[in-house]
Every structure is written in C-alpha cells, then in structure tokens.
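The structure under discussion appears below in the form of structure tokens.
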Amino acid sequence: MSVQKGLARLSFLLIVLFGILQLTGCGGGLGASSEPAPTGTTTPSPTPPTTPTTPAPPTSGSALPGIFRYKIDLSGTGANTNETALTLSNVNATSFGRLMKKGLDGLIFAEPLYVANLSIAGGTHNVLYVATEHDIVYALDADSLAVLWTRNFTDPANGVTTVANANDGKGRTFLGPTVGITGTPVIDSNSQTLYVSAMTNEKGAIKHKLHAISLIDGSEKFGGPTEFVATAAGTGIGNDGNGNIPFLPEPQNQRTGLLLVNGVVYVAFASYSDVEPYHGWVFAVDASTMKILASLNVTPSTEGGGIWQSGAAPVADAEGNVYLQTGDGEFTMNTGGKDIGDSTLKLHLDGNSLDIVDWFTPFNQDCLNRGDLDYGSGGAMLLPDQTGAHPHLLIAGTKEGRIYLLDRDNLGHFSASGSNPQIPQDLLINPAPCGQTSNDTTFRIYGTPTLWNNTVYMGSVFSGVRAFSLANAHLTQTGITNATIQGNGQQGRGVIPVITANGSTQGILWFVEFRLDHTIVLHAYDAANLSHELYNSNQNAGRDALGNGAVFVVPTIINGKVYVTSGGGTLNVYGILH
C-alpha cells in the first residue's frame with residue numbers, strides 16, 4: 001500500500017473521529033417475492049461464457065405486497081410506481097409533514113423494509129422491519145409504530161454482546177459506539193422469512209452470522225444462524241503462512257444490503273475505514289438450509305477490494321447473475337492474476353463455486369486506488385432492456401465523480417489506452433478527475449441511481465441530483481436540482497435518490513441530504529422538473545426537522561408514508577397531514 005494511500009486513509013479516520021464527536025446519532029420489491037430473477041432475457045456474455053442458472057428451489061406460503069429489499073427490486077431501480085396517495089399537489093409544507101416518530105434501541109443504517117397485510121399479533125397489520133446497531137430487529141405496526149415483536153441477537157448474561165466502539169483504531173466510530181447490524185436485510189415473502197447479517201462479540205470472539213427469522217414472531221428458522229467461515233487459496237494480507245487466507249471477522253464490515261435470488265442469499269463484506277488486514281468477500285448461502293454454498297475473495301494475492309457500495313445491495317439479472325462493485329484494492333487480472341479491486345464484477349454461482357464470469361476495470365484504476373477514490377463507493381443499477389446494439393445495460397457512479405454505462409453482455413475488462421473505449425459510455429461530472437487534489441471537495445458519487453420513465457437520476461456531493469435521458473446506450477443530462485447538496489468534512493457524502501409515481505405520472509424524486517453540521521434533511525422534487533422543489537423537512541422545522549442523522553440514508557416510501565431514520569436511533573414517519 002502506497003504512502004499516499006496510507007495518508008489518505010489516516011486523513012479519513014481523523015475526519016470520521018471528529019464527526020462522531022458532534023453526533024448524538026451517527027454516521028449505509030414491490031409485489032410478490034421469493035426474489036426470483038426478473039422476467040426477460042439476457043444474452044450470455046461472450047467473454048467469458050456464463051453457465052446456466054440453477055432453478056430456484058420451491059417456496060411455500062402466499063406472496064405478500066411490500067418492499068422486501070434495498071431499493072425495492074432486483075435491478076436496484078428504487079422506483080415505487082404504485083404510489084397513489086402522494087402527488088405533486090399534496091407533497092408540500094402545508095399538507096405534508098411528519099406524522100410521528102419513535103426512538104429505537106441502537107443507531108440505524110439499514111433501510112427499513114415493509115410487508116403489507118400480514119397476519120401477525122392476532123390481527124392484520126402493515127409491518128415495518130427495522131434493524132439496529134444494537135443487534136436488534138424490530139417488527140413495528142407501520143401505521144402506528146406499535147411494537148409487534150423484537151428479536152435481540154445479543155445475550156449479555158452468556159457473554160454475547162455487540163462489538164465495541166473502535167477506539168482501538170479499527171474505524172468503527174463511523175458506525176457509532178457499537179456495531180451490530182449495518183447491512184439492509186432481505187425478505188422472502190413466500191416463506192415469510194427475513195434474512196439479516198449480525199456482528200457479535202461472543203466471549204471475546206468476533207463473529208458475523210446470517211440469521212433467518214420468522215416475519216411473524218422473529219423466531220430462528222431453517223437451522224440458523226450460520227456463521228460466516230471461509231478460506232481462500234492465496235498469499236495476500238492476513239494469510240496463514242501456508243497459502244491460505246481465512247475470513248477474519250473482526251476487520252470485516254458487512255455494510256452492503258443482502259441479495260436474495262433463486263433461493264440463495266448473497267452477503268458481501270468490506271472493511272472499517274480501510275484498516276487492514278481485510279479483503280472483499282462474497283458469500284452465497286442456501287436460503288432454505290442456511291448452508292454456505294460458496295465464497296469468493298476478490299484480492300487473494302494482495303489486499304483490499306472491499307465491497308461496501310455505500311450500503312447498496314448487489315443486483316441480479318434475468319439469468320441470476322449477480323453484479324457488484326469492489327472498492328480500493330490491488331488489480332492484477334490484466335496480468336494473469338486474480339486480484340480485482342476498483343471494478344464491476346459479474347458473478348455466477350455454479351454448484352459450490354462462485355465465479356467471476358465477466359468484469360470491468362477503469363483505465364485509471366491505479367490512480368483510484370492510490371487516491372482512495374473507491375470505484376465501489378456505489379452499487380450498480382440494471383437498466384430495462386434497450387433497443388440497439390447494447391440491449392442489456394448497467395449504470396454505476398463512483399467516488400471519482402464518474403458515471404459508467406456498461407454492457408452486461410460484455411463488460412469490457414480493462415484498457416490500458418488511457419481511456420475506456422471498450423464500454424458504451426463514461427461520463428465525468430467532476431471538474432477534478434483522479435490525480436487532482438481538488439477532487440477531495442468536488443462532485444463525488446455515493447450509493448446508487450434511480451430510474452423512472454427512461455430517465456436516470458443520480459446525485460453527487462457538493463452539486464445536485466442530475467436527470468439523464470437514456471437513448472442508444474448514451475446518457476444525456478436533462479436537468480439538475482436547484483439546491484447544492486452539502487457534504488460532511490473534506491470529502492463529503494452524497495445522496496441516494498428514490499422515486500414514487502403513479503405509473504408514468506406524478507413522479508416525485510426523494511432523497512435525504514447529509515449536511516456539513518451533521519444534520520439531515522428530507523427533500524422531495526418534481527421528477528419531471530428538477531428545478532421545482534416540492535418540499536423539504538426544514539421548511540417547517542419546528543414540526544418536521546430531522547436533526548442529526550447518518551450518511552447514506554435511503555427513505556422507504558409506500559402507501560402514502562415516508563419512513564426516514566435519523567440520529568439516536570429514531571424512526572420518523574412523514575405523510576399527508578390530517
């Protein structure tokens with residue numbers, strides 16, 4: 001690791017430690033779901049070929065409507081197009097505002113999930129599931145916030161606790177005083193199961209475990225929990241001296257949302273503030289037996305490559321291929337190695353092997369790695385089938401402030417030409433590219449974009465949320481919000497937009513801004529006219545202001561209500577005032 005990279009990481013840690021002292025709370029699909037792959041076809045990648053998808057195992061129970069995963073669907077579009085209660089005319093500071101709030105035990109970084117019309121607690125309820133850093137999952141009545149049940153994965157009497165604040169230098173202060181559940185869980189509505197990854201300290205031993213719990217009462221299912229244990233062949237950092245790298249749970253951070261597709265739960269890991277030894281790891285777990293099917297270490301002969309994506313979940317295509325982004329790390333794939341930091345990966349599960357079947361790495365990967373400009377600061381979003389030469393597209397933004405439009409049938413690998421001519425488009429919105437020091441305070445992108453009416457919406461720090469039209473595998477900017485999005489400290493933190501609409505009308509763009517003073521603000525814009533802000537939670541601050549909050553907050557919006565988490569473990573509910 002270079003001195004420049006080490007200094008960048010030390011600077012980042014100092015910023016984080018300063019920020020946490022100022023916080024009272026800190027700072028990552030609609031319809032039926034057993035999470036089968038979406039409909040449609042995807043041509044197998046010609047370089048290299050993919051393997052056939054294993055059929056999904058049978059599921060039981062009746063599917064329910066709701067929001068079951070990070071940003072709604074397997075493509076990560078973040079658009080709820082079945083929202084009829086919230087409209088362009090009633091989302092304003094006069095008729096819309098905070099309806100209620102509730103304090104929960106532990107800070108919240110995971111996006112709340114929602115199941116409608118569930119038979120639970122002796123009645124039928126719309127239920128909100130919220131996970132906290134105190135290793136607690138709450139099932140709340142989504143309309144009253146009454147607690148239906150809680151499940152706590154700690155047991156202090158028997159030596160099982162959350163993981164303590166990292167005054168020991170492991171960077172955990174970014175997540176507050178304790179670490180428990182950070183990544184957004186995922187729900188299988190057919191089997192009525194919630195899958196959640198929890199980090200615990202068990203009599204001094206740090207563990208990450210995947211739990212499968214009942215939506216009805218929080219009880220453990222399918223023989224769980226399953227502890228994440230793996231070994232990869234390699235000589236990279238943290239190896240045992242015999243050519244093997246064990247999964248070391250203490251330095252690994254499970255920040256990404258969980259993905260459930262074709263009966264398999266995918267769970268990815270990164271680090272705490274780049275403190276080594278760590279690697280990017282991905283696990284595939286059978287959802288019905290809770291057995292680990294396969295694991296992948298993305299930097300087996302070096303270090304890094306963490307998969308954090310500002311909390312975004314991996315996404316999946318119609319064939320069950322999984323797409324994710326790696327962060328800062330070494331890259332040797334172009335010279336015959338297996339290390340692939342700062343890249344987009346297309347993964348396919350083939351029996352007990354989780355294979356990289358295609359990949360893309362930007363031409364300036366070495367600069368990104370040295371400058372702490374994670375390519376994987378955001379997750380991928382899959383676009384609907386397009387006409388023309390590139391029908392299957394993927395879009396992602398990066399900390400450099402560059403947007404990549406990739407062909408999922410041929411991601412393009414790596415070009416040493418000084419640009420990326422092998423992909424449909426890259427678009428630098430940042431006036432300071434990698435290699436210029438002013439990049440630290442310019443238009444970095446975190447999280448994922450959202451999609452509505454063939455328009456892509458993507459936000460960056462110190463700028464605004466942009467709208468891009470999509471045609472012929474090319475993005476063209478058509479609008480930008482009229483207010484500059486603030487940031488935190490030197491590097492800033494971006495926003496993660498979502499959309500509500502009634503089909504192709506009444507589109508509203510929502511996002512939560514994390515400001516310089518560590519307060520957060522909920523914004524709503526006319527999605528068809530980003531110069532028109534409909535509402536923000538500071539317009540009537542006495543009633544609606546959120547106060548301190550965390551980075552990378554994604555609002556959950558359904559059935560006329562907007563659920564937003566804020567500092568101190570607070571769940572806020574906004575909607576039409578009565």
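Residue numbering restarts at 1 for every chain of the structure tokens, chains are lettered A, B, ... in their displayed order, and ligands are numbered from 1 as they appear.
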Write out as a PyMOL selection string the residues lying within 9 Å of Lys71 (chain A), counting only C-alpha atoms and excluding same-chain residues fewer than 4 positions away. chain A and resi 29+67+75-79+111+312-313+450+498+554+556
Give me, as a VMD selection string, all polymer residues having an atom no more than 12 Å from Ile403 (chain A), counting only C-alpha atoms and skipping those fewer than 6 positions away in the same chain. chain A and resid 362 375 to 381 394 to 397 420 423 to 430 433 443 to 449 456 to 460 466 468 474 to 477
Atoms to include: N, CA and C atoms. Write the selected residues as a tab-separated table (two decimals), in the first residue's frame.
chain	number	residue	atom	x	y	z
A	362	PRO	N	-11.71	0.27	-14.69
A	362	PRO	CA	-11.41	1.51	-15.42
A	362	PRO	C	-9.92	1.67	-15.69
A	375	TYR	N	-13.83	3.04	-6.64
A	375	TYR	CA	-14.79	2.76	-7.71
A	375	TYR	C	-16.07	2.19	-7.09
A	376	GLY	N	-15.92	1.43	-6.02
A	376	GLY	CA	-17.07	0.79	-5.38
A	376	GLY	C	-17.76	1.62	-4.32
A	377	SER	N	-17.69	2.95	-4.41
A	377	SER	CA	-18.44	3.79	-3.47
A	377	SER	C	-19.94	3.72	-3.73
A	378	GLY	N	-20.33	3.16	-4.86
A	378	GLY	CA	-21.74	2.98	-5.17
A	378	GLY	C	-21.98	1.60	-5.74
A	379	GLY	N	-23.23	1.22	-5.77
A	379	GLY	CA	-23.61	-0.05	-6.36
A	379	GLY	C	-24.11	0.12	-7.78
A	380	ALA	N	-24.29	-1.00	-8.44
A	380	ALA	CA	-24.79	-0.99	-9.82
A	380	ALA	C	-26.31	-0.93	-9.85
A	381	MET	N	-26.87	-0.37	-10.92
A	381	MET	CA	-28.29	-0.45	-11.23
A	381	MET	C	-28.42	-1.04	-12.63
A	394	LEU	N	-25.91	-1.61	-17.67
A	394	LEU	CA	-25.69	-1.41	-16.24
A	394	LEU	C	-25.14	-0.01	-16.07
A	395	ILE	N	-25.53	0.67	-14.98
A	395	ILE	CA	-25.02	2.01	-14.72
A	395	ILE	C	-24.54	2.08	-13.28
A	396	ALA	N	-23.43	2.80	-13.05
A	396	ALA	CA	-22.90	2.98	-11.71
A	396	ALA	C	-22.12	4.29	-11.66
A	397	GLY	N	-22.11	4.92	-10.49
A	397	GLY	CA	-21.29	6.10	-10.25
A	397	GLY	C	-20.23	5.82	-9.22
A	420	ASN	N	-11.54	4.59	-21.69
A	420	ASN	CA	-12.35	3.37	-21.64
A	420	ASN	C	-13.11	3.17	-22.95
A	423	ILE	N	-16.29	0.43	-23.60
A	423	ILE	CA	-17.61	0.44	-22.96
A	423	ILE	C	-18.49	1.48	-23.66
A	424	PRO	N	-19.82	1.37	-23.52
A	424	PRO	CA	-20.70	2.32	-24.21
A	424	PRO	C	-20.43	3.78	-23.84
A	425	GLN	N	-20.20	4.07	-22.54
A	425	GLN	CA	-20.00	5.48	-22.17
A	425	GLN	C	-19.40	5.57	-20.78
A	426	ASP	N	-18.48	6.53	-20.58
A	426	ASP	CA	-18.21	7.02	-19.23
A	426	ASP	C	-18.34	8.53	-19.26
A	427	LEU	N	-18.84	9.06	-18.16
A	427	LEU	CA	-19.22	10.47	-18.12
A	427	LEU	C	-18.66	11.06	-16.84
A	428	LEU	N	-17.69	11.95	-16.94
A	428	LEU	CA	-17.08	12.59	-15.78
A	428	LEU	C	-17.85	13.87	-15.47
A	429	ILE	N	-18.61	13.86	-14.37
A	429	ILE	CA	-19.32	15.07	-13.96
A	429	ILE	C	-18.46	15.92	-13.04
A	430	ASN	N	-17.38	15.35	-12.55
A	430	ASN	CA	-16.50	16.03	-11.62
A	430	ASN	C	-15.51	16.90	-12.39
A	433	PRO	N	-10.75	15.32	-12.05
A	433	PRO	CA	-10.62	13.87	-12.11
A	433	PRO	C	-9.54	13.36	-11.18
A	443	PHE	N	-17.34	16.69	-6.94
A	443	PHE	CA	-18.61	16.00	-7.12
A	443	PHE	C	-18.50	14.48	-7.01
A	444	ARG	N	-18.23	13.99	-5.84
A	444	ARG	CA	-18.16	12.55	-5.62
A	444	ARG	C	-19.55	11.93	-5.59
A	445	ILE	N	-19.63	10.69	-6.05
A	445	ILE	CA	-20.90	9.96	-6.10
A	445	ILE	C	-20.85	8.79	-5.14
A	446	TYR	N	-21.90	8.65	-4.35
A	446	TYR	CA	-22.04	7.53	-3.43
A	446	TYR	C	-23.42	6.90	-3.66
A	447	GLY	N	-23.56	5.63	-3.28
A	447	GLY	CA	-24.86	4.99	-3.42
A	447	GLY	C	-25.18	4.60	-4.84
A	448	THR	N	-26.45	4.60	-5.17
A	448	THR	CA	-26.91	4.16	-6.48
A	448	THR	C	-27.87	5.18	-7.08
A	449	PRO	N	-28.04	5.14	-8.41
A	449	PRO	CA	-29.04	6.00	-9.04
A	449	PRO	C	-30.44	5.39	-8.91
A	456	VAL	N	-32.65	8.47	-15.83
A	456	VAL	CA	-31.79	8.06	-14.73
A	456	VAL	C	-31.52	9.28	-13.85
A	457	TYR	N	-31.65	9.10	-12.53
A	457	TYR	CA	-31.40	10.17	-11.57
A	457	TYR	C	-30.23	9.76	-10.70
A	458	MET	N	-29.22	10.66	-10.61
A	458	MET	CA	-28.04	10.34	-9.83
A	458	MET	C	-27.55	11.59	-9.11
A	459	GLY	N	-27.23	11.45	-7.82
A	459	GLY	CA	-26.79	12.59	-7.03
A	459	GLY	C	-25.31	12.53	-6.73
A	460	SER	N	-24.73	13.70	-6.46
A	460	SER	CA	-23.34	13.77	-6.02
A	460	SER	C	-23.25	14.81	-4.92
A	466	ARG	N	-28.88	14.91	-10.62
A	466	ARG	CA	-29.00	15.12	-12.06
A	466	ARG	C	-29.98	14.14	-12.67
A	468	PHE	N	-30.81	12.26	-16.33
A	468	PHE	CA	-30.21	11.91	-17.62
A	468	PHE	C	-31.22	11.14	-18.45
A	474	HIS	N	-26.62	5.80	-24.46
A	474	HIS	CA	-25.94	7.06	-24.19
A	474	HIS	C	-26.79	7.88	-23.23
A	475	LEU	N	-26.14	8.46	-22.21
A	475	LEU	CA	-26.81	9.32	-21.24
A	475	LEU	C	-26.59	10.77	-21.61
A	476	THR	N	-27.67	11.56	-21.55
A	476	THR	CA	-27.59	12.99	-21.81
A	476	THR	C	-28.26	13.72	-20.65
A	477	GLN	N	-27.54	14.63	-20.01
A	477	GLN	CA	-28.12	15.34	-18.87
A	477	GLN	C	-29.24	16.25	-19.32
Taking the backbone alone, and naming residues the way the document does, which bits of region 146-271 of chain A are helix (DSSP H, G or I) by DSSP, as a PyMOL selection string? chain A and resi 156-158+172-175
Would you mind listing what lies within 8 Å of Val115 (chain A) as a PyMOL selection string, with only C-alpha atoms counted and same-chain residues fewer than 5 positions away left out? chain A and resi 64-68+126-128+189
A:Gln422, A:Thr302, A:Ser310, A:Asn536 ranked by distance to Thr184 (chain A), top pick (using only C-alpha atoms): A:Ser310
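Using only C-alpha atoms, the contacts of Phe247 (chain A) at a cut-off of 8 Å, with sequence neighbours closer than 6 positions omitted, comprise Phe228, Val229, Ala230 and Thr231 of chain A.
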At a cut-off of 10 Å, can you tabulate as a tab-separated table every residue of region 160-190 of chain A near region 249-265 of chain A together with its closest atom pair and the distance in Å to one decimal, using only C-alpha atoms and ordering rows by chain then number?
residue	atom	partner	partner_atom	distance
A:Val163	CA	A:Glu250	CA	9.0
A:Lys170	CA	A:Pro251	CA	7.0
A:Gly171	CA	A:Pro251	CA	9.3
A:Arg172	CA	A:Asn253	CA	9.0
A:Val179	CA	A:Asn253	CA	9.3
A:Gly180	CA	A:Gln254	CA	9.5
A:Ile181	CA	A:Gln254	CA	8.1
A:Thr182	CA	A:Arg255	CA	5.3
A:Gly183	CA	A:Arg255	CA	4.4
A:Thr184	CA	A:Gly257	CA	4.3
A:Pro185	CA	A:Leu258	CA	5.5
A:Val186	CA	A:Leu258	CA	5.6
A:Ile187	CA	A:Leu260	CA	7.9
A:Asp188	CA	A:Leu260	CA	7.7
Could I get the residues of region 132-156 of chain A with an atom no further than 12 Å from an atom of region 202-216 of chain A, each paired with its nearest atom pair and that distance in Å to one decimal, using only C-alpha atoms, sorted by chain and residue number, as CSV?
residue,atom,partner,partner_atom,distance
A:Asp135,CA,A:Lys209,CA,11.1
A:Ile136,CA,A:His211,CA,11.8
A:Val137,CA,A:Ile213,CA,9.7
A:Tyr138,CA,A:Leu215,CA,10.2
A:Ala139,CA,A:Leu215,CA,7.9
A:Leu140,CA,A:Leu215,CA,11.0
A:Leu148,CA,A:Ile216,CA,9.0
A:Trp149,CA,A:Ile216,CA,8.5
A:Thr150,CA,A:Ile216,CA,10.7
A:Arg151,CA,A:Ile213,CA,8.8
A:Asn152,CA,A:Ile213,CA,11.3
A:Phe153,CA,A:His211,CA,9.1
A:Thr154,CA,A:Glu202,CA,8.7
A:Asp155,CA,A:Glu202,CA,8.9
A:Pro156,CA,A:Glu202,CA,9.1
Go ahead and write the residues just picked, C-alpha atoms, as a compact mmCIF listing (two decimals), in the first residue's frame.
# COMPACT_ATOMS: atom_id res chain seq x y z
CA ASP A 135 -28.21 -6.23 17.05
CA ILE A 136 -31.97 -5.81 17.35
CA VAL A 137 -34.64 -6.34 14.70
CA TYR A 138 -37.97 -4.59 15.33
CA ALA A 139 -41.32 -5.54 13.82
CA LEU A 140 -43.47 -2.40 14.06
CA LEU A 148 -45.29 -6.16 17.47
CA TRP A 149 -42.12 -8.04 18.45
CA THR A 150 -38.37 -7.58 18.80
CA ARG A 151 -35.50 -10.01 18.27
CA ASN A 152 -32.19 -9.31 20.02
CA PHE A 153 -29.20 -11.33 18.84
CA THR A 154 -27.16 -10.46 21.92
CA ASP A 155 -27.23 -12.30 25.25
CA PRO A 156 -25.05 -10.39 27.75
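For the choices A:Asn538, A:Gln192, A:Thr200, A:Asn453, the atom-to-atom distance to Ala116 (chain A) is smallest for A:Gln192 when using only C-alpha atoms.
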